[in-house]
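**Q** Here it is: the structure, laid out below.
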Amino acid sequence: MKIIMVLVFLCGAFQADLQEIGVLTRSLQSLVEEDANPIPNTRTSPRDCAPDMCELLIRLGTMKARLTAGERKAEEQEHALTEMRTVVREQEALLAQQQATMQEERAKLAQLSAAVSTLTSTVQTLERKLHNRPEVAFSASLYSSGSKVLGPFGSDKTVVFRKVLSNIGNAYNSATGIFTAPVGGVYYFTFTAFTAGTPKRVYLRKNGQNVVSVTDVADNEDSASNGAVLVLKKWDQVYLVLNGYSRSRHTLYDDAYHFTTFTGFLLYSQSTL
Ligand SMILES: [Ca+2]
């Protein structure tokens with residue numbers, strides 16, 4: 001009998017539990033359906049549940065809505081972060097390009113600086129050469145005064161021009177008639193020979209070698225001129241020679257008017273000569 005009473009009691013309790021389980025099951029089913037088809041406001045929807053369960057479900061619904069909003073906000077922030085990363089990559093690429101351009105500009109600047117240094121050095125060298133360029137120029141006539149005839153001689157004679165009109169650098173020697181190059185370079189020489197009724201033949205010589213000449217027969221007064229640009233080494237000698245052929249009896253004439261002259265000057269020096 002006791003056993004039967006116990007069984008009846010257990011059945012009653014079991015039936016109450018079944019009812020509670022049924023309520024929970026329906027509530028969970030509603031929650032599942034809400035998850036599949038969200039209800040905007042769970043507080044306004046009729047529920048068939050116990051008050052505590054309803055409150056729990058309401059709180060779950062609120063939490064789910066907040067979770068959904070948080071997920072949406074997180075997606076938006078993720079999207080914004082992606083856009084920011086894209087902008088950062090673009091800025092990094094632009095910065096790299098600007099750095100490359102800057103390096104190119106620096107390289108060009110270095111080349112220009114080197115070119116300026118080279119030009120500056122060249123200008124300084126030219127300035128030194130210009131400052132140190134020797135000044136060589138002279139002009140002389142046969143006699144300083146009076147009316148005189150030079151020659152004739154029985155052999156070739158160096159013509160000594162006694163009257164120095166100018167002798168910058170003192171390269172011309174008025175005692176010997178010889179011009180001696182103080183530096184290697186390019187020089188210009190010219191001379192004029194005058195005679196009055198007598199023949200003449202004059203050579204411009206460099207180190208004993210005839211370079212250019214003039215000649216004239218015995219007739220009226222005549223002047224004869226010649227000239228040459230010569231490349232001279234240092235210590236090369238240039239001078240005029242009166243031909244000494246005895247039968248021709250060559251002479252030169254000069255007076256205070258200075259008809260017979262010898263001129264030379266340095267065009268430009270060359271250190272390699
Ligand atoms: Ca003549």
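Every chain in the structure tokens has a letter given in the order shown (A, B, ...), and although residue numbers restart at 1 in each chain, ligands are simply numbered from 1 in the order shown.
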Please return as a list in words the residues found within 12 Å of ligand 1, counting only C-alpha atoms and all ligand atoms.
**A** Ala193, Phe194, Thr195, Ala196, Gly197, Thr198, Pro199, Lys200, Arg201, Val214, Thr215, Asp216, Val217, Ala218, Asp219, Asn220, Glu221, Asp222, Ser223, Ala224, His250, Thr251 and Leu252 of chain A
**Q** Next, the residues of the selection above should be written as a CSV table (one decimal), in the first residue's frame with C-alpha atoms.
**A**
chain,number,residue,atom,x,y,z
A,193,ALA,CA,113.7,97.0,-94.9
A,194,PHE,CA,114.3,100.2,-96.7
A,195,THR,CA,117.0,101.1,-99.3
A,196,ALA,CA,117.6,104.2,-101.5
A,197,GLY,CA,119.1,103.1,-104.9
A,198,THR,CA,120.8,100.0,-103.6
A,199,PRO,CA,119.8,96.3,-103.6
A,200,LYS,CA,118.8,94.5,-100.4
A,201,ARG,CA,118.0,91.0,-99.3
A,214,VAL,CA,112.5,90.1,-98.7
A,215,THR,CA,114.6,91.1,-101.7
A,216,ASP,CA,115.0,94.1,-104.0
A,217,VAL,CA,117.1,95.3,-106.9
A,218,ALA,CA,119.0,98.5,-107.2
A,219,ASP,CA,116.6,101.2,-108.4
A,220,ASN,CA,114.7,103.9,-106.7
A,221,GLU,CA,113.7,104.0,-103.0
A,222,ASP,CA,111.8,100.9,-101.9
A,223,SER,CA,110.6,99.3,-98.8
A,224,ALA,CA,110.1,95.6,-98.4
A,250,HIS,CA,123.1,94.4,-100.3
A,251,THR,CA,122.6,97.3,-97.8
A,252,LEU,CA,119.9,98.8,-95.5
**Q** Find the residues around Ser141 (chain A) up to 10 Å (only C-alpha atoms counted), leave out those fewer than 6 positions away in its own chain, and share them as a PyMOL selection string.
**A** chain A and resi 160-165+174+191-193+254-263
**Q** Could those residues be written to a file, using C-alpha atoms, as a short mmCIF file (atom, residue, chain, number, x, y, z; two decimals), in the first residue's frame?
**A**
data_model
loop_
_atom_site.label_atom_id
_atom_site.label_comp_id
_atom_site.auth_asym_id
_atom_site.auth_seq_id
_atom_site.Cartn_x
_atom_site.Cartn_y
_atom_site.Cartn_z
CA VAL A 160 121.41 94.91 -85.05
CA PHE A 161 118.55 97.33 -84.49
CA ARG A 162 120.00 99.90 -82.14
CA LYS A 163 116.99 102.15 -81.61
CA VAL A 164 114.63 100.37 -79.23
CA LEU A 165 111.10 101.72 -79.51
CA SER A 174 119.73 95.70 -78.86
CA PHE A 191 110.07 93.61 -90.41
CA THR A 192 110.49 96.33 -93.00
CA ALA A 193 113.70 96.95 -94.94
CA ASP A 254 117.68 104.22 -91.83
CA ASP A 255 117.48 107.63 -90.27
CA ALA A 256 115.40 109.50 -87.73
CA TYR A 257 112.23 108.51 -89.59
CA HIS A 258 112.90 104.83 -88.84
CA PHE A 259 112.21 103.22 -92.20
CA THR A 260 113.90 99.93 -91.30
CA THR A 261 112.34 98.17 -88.35
CA PHE A 262 111.99 94.83 -86.60
CA THR A 263 108.93 93.96 -84.48
#
**Q** Using DSSP on the backbone coordinates, identify all residues within region 102-194 of chain A classified as strand (DSSP E); present the result as a PyMOL selection string.
**A** chain A and resi 137-141+148-150+157-158+163-168+172-173+178-180+185-194
**Q** In Å to one decimal, how far is CA of Ser144 (chain A) from CA of Leu242 (chain A)?
**A** 18.9 Å
**Q** Which residue out of A:Val229, A:Trp235, A:Arg249, A:Glu127 has the minimum interatomic distance to Gly264 (chain A) when only C-alpha atoms are used?
**A**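 Smallest separation from Gly264 (chain A) among the options: A:Val229.
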